[in-house]
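Visitor: Data: run-v7.txt, compact mmCIF, C-alpha atoms.
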```
# COMPACT_ATOMS: atom_id res chain seq x y z
CA MET V 1 0.00 0.00 0.00
CA LYS V 2 2.82 2.37 0.90
CA GLY V 3 4.56 1.72 -2.40
CA ARG V 4 1.31 2.38 -4.28
CA LYS V 5 0.93 5.77 -2.56
CA LEU V 6 4.46 6.71 -3.61
CA VAL V 7 3.61 5.86 -7.23
CA TYR V 8 0.46 8.01 -7.08
CA PHE V 9 2.45 10.88 -5.59
CA ALA V 10 5.11 10.64 -8.31
CA LEU V 11 2.48 10.62 -11.05
CA ALA V 12 0.69 13.59 -9.52
CA PHE V 13 3.98 15.51 -9.36
CA ILE V 14 4.65 14.79 -13.03
CA PHE V 15 1.18 16.04 -14.00
CA VAL V 16 1.74 19.26 -12.06
CA LEU V 17 5.04 19.86 -13.81
CA ALA V 18 3.43 19.17 -17.18
CA SER V 19 0.68 21.70 -16.55
CA VAL V 20 3.24 24.33 -15.57
CA PHE V 21 5.33 23.88 -18.71
CA GLN V 22 2.26 23.89 -20.92
CA THR V 23 1.54 27.48 -19.83
CA GLN V 24 4.77 28.62 -21.50
CA PRO V 25 4.61 28.51 -25.33
CA ALA V 26 7.51 26.42 -26.57
CA PRO V 27 9.83 28.11 -29.06
CA THR V 28 9.85 26.67 -32.55
CA GLU V 29 12.96 24.59 -33.17
CA ALA V 30 15.47 26.20 -35.50
CA ALA V 31 19.19 26.53 -35.92
CA ALA V 32 20.64 29.36 -33.85
CA LYS V 33 20.81 32.60 -35.82
CA THR V 34 22.04 36.11 -35.17
CA GLY V 35 19.41 38.76 -34.56
CA TYR V 36 19.79 42.51 -34.10
CA VAL V 37 17.89 44.72 -31.70
CA SER V 38 15.79 47.10 -33.78
CA ILE V 39 14.33 49.99 -31.79
CA SER V 40 14.08 53.73 -32.45
CA SER V 41 14.88 54.87 -28.90
CA GLY V 42 15.54 53.66 -25.37
CA LYS V 43 16.47 50.04 -24.64
CA LEU V 44 14.85 46.65 -25.15
CA ASN V 45 13.84 44.71 -22.03
CA VAL V 46 15.22 41.20 -21.64
CA ARG V 47 12.89 38.90 -19.68
CA SER V 48 13.18 35.57 -17.90
CA GLY V 49 10.26 34.06 -19.85
CA PRO V 50 8.26 34.48 -23.07
CA GLY V 51 5.81 37.15 -21.97
CA SER V 52 5.53 40.69 -20.63
CA SER V 53 4.58 39.37 -17.18
CA TYR V 54 7.97 37.74 -16.68
CA LYS V 55 10.75 39.41 -14.72
CA VAL V 56 13.00 41.92 -16.48
CA ILE V 57 16.55 40.61 -16.11
CA GLY V 58 18.39 43.12 -18.28
CA SER V 59 18.25 45.34 -21.35
CA LEU V 60 19.82 45.70 -24.79
CA SER V 61 20.66 48.76 -26.90
CA ASN V 62 19.67 49.30 -30.53
CA ASN V 63 21.70 47.15 -32.98
CA ALA V 64 22.98 44.84 -30.24
CA ALA V 65 23.62 41.40 -31.75
CA VAL V 66 22.04 38.40 -30.01
CA THR V 67 21.94 34.66 -30.63
CA VAL V 68 18.36 33.60 -31.39
CA SER V 69 17.67 29.90 -30.79
CA GLY V 70 13.91 29.88 -31.33
CA GLN V 71 10.66 31.84 -31.45
CA THR V 72 7.33 31.25 -29.74
CA LYS V 73 3.94 31.47 -31.44
CA ASN V 74 2.94 34.39 -29.20
CA GLY V 75 5.72 36.68 -30.46
CA TRP V 76 8.76 36.09 -28.25
CA SER V 77 12.31 35.10 -29.22
CA GLN V 78 14.53 32.90 -27.09
CA ILE V 79 18.04 34.36 -26.90
CA THR V 80 21.27 33.85 -25.02
CA TYR V 81 21.84 36.63 -22.49
CA LYS V 82 24.88 36.57 -20.21
CA LYS V 83 25.32 32.88 -21.09
CA LYS V 84 21.77 32.07 -19.96
CA ARG V 85 18.40 31.55 -21.66
CA ALA V 86 16.27 34.69 -21.88
CA TYR V 87 13.53 36.24 -24.01
CA VAL V 88 12.81 39.43 -25.94
CA ALA V 89 9.81 40.51 -28.02
CA SER V 90 10.30 39.27 -31.59
CA LYS V 91 8.89 42.47 -33.12
CA TYR V 92 11.96 44.34 -31.85
CA LEU V 93 14.42 42.03 -33.60
CA ARG V 94 15.48 41.88 -37.24
CA MET V 95 17.48 38.98 -38.62
CA TYR V 96 19.79 41.08 -40.81
CA SER V 97 22.15 44.06 -40.55
CA PHE V 98 24.03 46.06 -43.16
CA LEU V 99 26.13 48.17 -40.82
CA MET V 100 29.82 48.25 -41.69
CA ASP V 101 32.21 46.07 -39.66
CA LYS V 102 33.93 48.39 -37.16
CA THR V 103 36.86 46.00 -36.76
CA LYS V 104 37.85 46.24 -40.44
CA VAL V 105 39.49 48.78 -42.75
CA TYR V 106 37.63 49.05 -46.07
CA THR V 107 39.53 49.79 -49.26
CA TYR V 108 37.45 50.85 -52.25
CA LYS V 109 38.41 51.72 -55.79
CA THR V 110 36.34 54.33 -57.63
CA ASN V 111 37.19 55.31 -61.20
CA GLY V 112 40.65 53.79 -60.75
CA VAL V 113 41.43 55.64 -57.49
CA SER V 114 41.78 53.75 -54.19
CA TYR V 115 40.74 55.11 -50.79
CA THR V 116 39.92 53.74 -47.33
CA HIS V 117 37.12 53.92 -44.79
CA THR V 118 38.13 53.50 -41.13
CA TYR V 119 35.89 53.47 -38.06
CA GLU V 120 36.41 56.48 -35.79
CA GLY V 121 33.87 55.89 -33.00
CA LYS V 122 30.39 57.00 -31.98
CA ASN V 123 29.01 60.42 -32.84
CA ASN V 124 25.62 61.19 -31.22
CA GLY V 125 24.68 57.51 -31.47
CA TRP V 126 25.82 57.13 -35.09
CA ASP V 127 28.86 55.16 -36.30
CA GLU V 128 31.42 57.65 -37.61
CA TRP V 129 33.83 56.62 -40.38
CA ARG V 130 36.81 58.48 -41.86
CA ASP V 131 37.05 58.70 -45.65
CA SER V 132 40.65 59.06 -46.84
CA SER V 133 39.54 60.43 -50.20
CA THR V 134 37.97 63.53 -48.64
CA ARG V 135 39.88 63.56 -45.33
CA GLY V 136 36.50 64.03 -43.74
CA THR V 137 34.00 61.72 -42.05
CA PHE V 138 30.55 60.31 -42.66
CA VAL V 139 28.09 58.62 -40.29
CA ILE V 140 25.92 55.51 -40.53
CA SER V 141 22.97 54.35 -38.45
CA GLU V 142 20.44 51.53 -38.54
CA ASN V 143 17.11 50.91 -36.84
CA SER V 144 13.76 49.20 -37.46
CA LYS V 145 12.99 51.57 -40.37
CA GLY V 146 16.22 51.39 -42.33
CA LEU V 147 19.91 51.92 -42.93
CA TYR V 148 20.96 55.59 -43.05
CA LEU V 149 24.00 57.45 -44.36
CA GLY V 150 24.83 61.06 -43.55
CA TRP V 151 27.40 63.57 -42.36
CA PRO V 152 28.17 64.76 -38.83
CA GLU V 153 25.79 67.51 -37.70
CA SER V 154 24.22 67.58 -41.15
CA GLU V 155 21.67 65.86 -43.41
CA TYR V 156 21.27 62.15 -44.04
CA TYR V 157 19.30 59.86 -46.34
CA THR V 158 17.91 56.33 -46.35
CA GLU V 159 20.19 53.82 -48.06
CA ILE V 160 17.91 50.81 -47.50
CA SER V 161 14.32 50.96 -46.29
CA TYR V 162 13.22 48.25 -43.82
CA PRO V 163 11.65 45.80 -43.39
CA LEU V 164 13.69 44.16 -46.10
CA LYS V 165 11.51 43.08 -49.03
CA SER V 166 12.15 42.68 -52.74
CA GLY V 167 10.15 45.23 -54.73
CA LYS V 168 9.96 47.79 -51.92
CA THR V 169 10.34 51.42 -53.03
CA TRP V 170 10.99 54.75 -51.31
CA ARG V 171 12.02 58.33 -52.13
CA HIS V 172 15.22 60.18 -51.35
CA ASP V 173 14.85 62.00 -48.03
CA PHE V 174 15.70 65.49 -49.33
CA ASP V 175 15.40 65.10 -53.12
CA THR V 176 12.04 63.41 -53.69
CA ARG V 177 12.62 63.30 -57.44
CA ILE V 178 14.98 60.36 -56.79
CA THR V 179 13.42 56.98 -56.00
CA TYR V 180 14.92 53.67 -54.89
CA LYS V 181 13.81 50.06 -55.25
CA ILE V 182 14.99 46.82 -53.70
CA THR V 183 15.41 44.50 -56.68
CA GLY V 184 16.82 41.46 -54.87
CA THR V 185 17.65 40.13 -51.41
CA ASN V 186 19.57 36.90 -52.01
CA GLY V 187 22.17 37.58 -54.67
CA THR V 188 25.89 36.84 -54.98
CA VAL V 189 28.50 39.43 -55.95
CA LYS V 190 32.22 38.98 -56.57
CA THR V 191 34.72 41.81 -56.10
CA GLN V 192 38.49 41.96 -55.60
CA ALA V 193 37.83 41.67 -51.84
CA GLY V 194 36.06 38.32 -52.25
CA THR V 195 32.72 36.70 -53.01
CA PHE V 196 29.73 37.97 -51.00
CA LYS V 197 26.42 36.14 -50.61
CA SER V 198 22.90 37.08 -49.45
CA ILE V 199 23.35 40.37 -51.30
CA THR V 200 20.60 42.99 -51.23
CA THR V 201 20.40 45.03 -54.43
CA VAL V 202 19.08 48.60 -54.51
CA GLN V 203 18.47 50.44 -57.78
CA SER V 204 17.93 54.20 -58.04
CA SER V 205 15.91 56.09 -60.64
CA GLU V 206 19.18 57.77 -61.67
CA GLY V 207 20.55 54.46 -62.95
CA TYR V 208 22.82 53.46 -60.06
CA ILE V 209 22.70 49.92 -58.63
CA ASN V 210 24.16 49.33 -55.17
CA TYR V 211 25.02 45.90 -53.76
CA TYR V 212 25.01 45.43 -49.97
CA ALA V 213 26.41 42.45 -48.07
CA PRO V 214 25.10 41.54 -44.58
CA LYS V 215 27.34 42.80 -41.73
CA ILE V 216 29.62 44.40 -44.36
CA GLY V 217 27.66 47.14 -46.11
CA LEU V 218 28.21 48.45 -49.63
CA VAL V 219 30.51 46.21 -51.69
CA LYS V 220 29.84 47.40 -55.24
CA GLN V 221 28.17 50.15 -57.26
CA VAL V 222 27.27 49.97 -60.93
CA TYR V 223 26.06 52.75 -63.23
CA ARG V 224 24.38 51.82 -66.51
CA GLY V 225 26.16 48.47 -66.66
CA LYS V 226 29.60 49.79 -65.69
CA THR V 227 31.26 49.25 -62.31
CA VAL V 228 32.10 52.67 -60.88
CA SER V 229 33.08 51.60 -57.36
CA GLU V 230 33.86 48.33 -55.60
CA LEU V 231 35.36 46.95 -52.41
CA VAL V 232 38.87 45.71 -53.26
CA LYS V 233 40.17 44.89 -49.77
CA LEU V 234 38.75 44.20 -46.33
CA ALA V 235 41.40 43.95 -43.64
CA LYS V 236 41.57 43.91 -39.84
CA LYS V 237 42.45 47.22 -38.20
```
Just give me the structure of the file as structure tokens.

Guide:
Amino acid sequence: MKGRKLVYFALAFIFVLASVFQTQPAPTEAAAKTGYVSISSGKLNVRSGPGSSYKVIGSLSNNAAVTVSGQTKNGWSQITYKKKRAYVASKYLRMYSFLMDKTKVYTYKTNGVSYTHTYEGKNNGWDEWRDSSTRGTFVISENSKGLYLGWPESEYYTEISYPLKSGKTWRHDFDTRITYKITGTNGTVKTQAGTFKSITTVQSSEGYINYYAPKIGLVKQVYRGKTVSELVKLAKK
């Protein structure tokens, strides 16, 4: 009789555990991928479970890279945070980034002339890069609405409009006569710096076609069928 009671107790304990785990939507199984925090301001809360009622255990800044191991049906992504399992709202993540690699020196060749782009640091939240051809700097930023290029304390424009989708169009931010269109999101481009995959192609109404590689940025520009600029070297700083 005593042994039978122990069996009943064990079964009851298992049923209780099962009911607890069923209240948490299981993430869909998928290979771990890199996601990027995509918010316009503030920071993204990191929680202990897949829901807004779970405890906040930390926060992440815009463009922070995280390892995403799965997503729940109710809109939460399972990530690795401080070497532990955690969750963030999926709507604040994008699974691509076209920001330039700050650890590398970019060498381009335009109309036969070579020049470099080197990361300088942050400038009012933007990534600032030095251009050896002008001896000046430019700035780049990225959020949930797009990738932007501009100049310190000056104007900027949208290089790629997000969310990423082939066929998407938009107008130049301060010259609305110019329009852009994403004509592809999974191409391959070869330059002197190497072969780049998962290329996003953007064509302007002026005839320019830009090719962007994930986590690298612009790798090639073509005008009316002729290459006018391309990445020829990508080296560690």

Visitor: Can you tell me which residues surround V:Lys104 at a distance of at most 9 Å, considering only C-alpha atoms, apart from same-chain residues fewer than 3 positions away, and format the answer as a ChimeraX atom specification?

Guide: /V:100-101,117-119,234-237

Visitor: In Å, how far is it from atom CA of V:Gly125 to atom CA of V:Lys82?

Guide: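 Here the two named atoms are 23.8 Å from each other.
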
Visitor: Pick the closest to V:Lys233 from V:Ala32, V:Ile216, V:Leu93, V:Val139: which is it, counting only C-alpha atoms?

Guide: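 Comparing V:Ala32, V:Ile216, V:Leu93, V:Val139 against V:Lys233, the winner is V:Ile216.
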
Visitor: Nearest to V:Trp170: which of V:Asn143, V:Thr72, V:Gln203, V:Thr137 is it, counting only C-alpha atoms?

Guide: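 Checking each candidate against V:Trp170, we get V:Gln203 as the closest.
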
Visitor: With a distance cut-off of 8 Å and only C-alpha atoms, select the neighbouring residues of V:Gly35, excluding the residue or stretch itself and same-chain residues fewer than 2 positions from it, and output the selection as an MDAnalysis selection string.

Guide: chainID V and resid 33 37 65:68 93:96

Visitor: Using all atoms listed in the file, determine which residues lie at most 10 Å from V:Ile182, disregarding the query and same-chain residues fewer than 4 positions distant; provide the list as a list in words.

Guide: Ile160, Ser161, Leu164, Lys165, Ser166, Gly167, Lys168, Thr169, Trp170, Thr200, Thr201, Val202, Gln203, Ser204, Ile209 and Asn210 of chain V

Visitor: For a test of reading the model, state the distance in Å between atom CA of V:Gly207 and atom CA of V:Thr176, rounded to one decimal.

Guide: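 Taking atom CA of V:Gly207 as the start and atom CA of V:Thr176 as the end point, the length is 15.4 Å.
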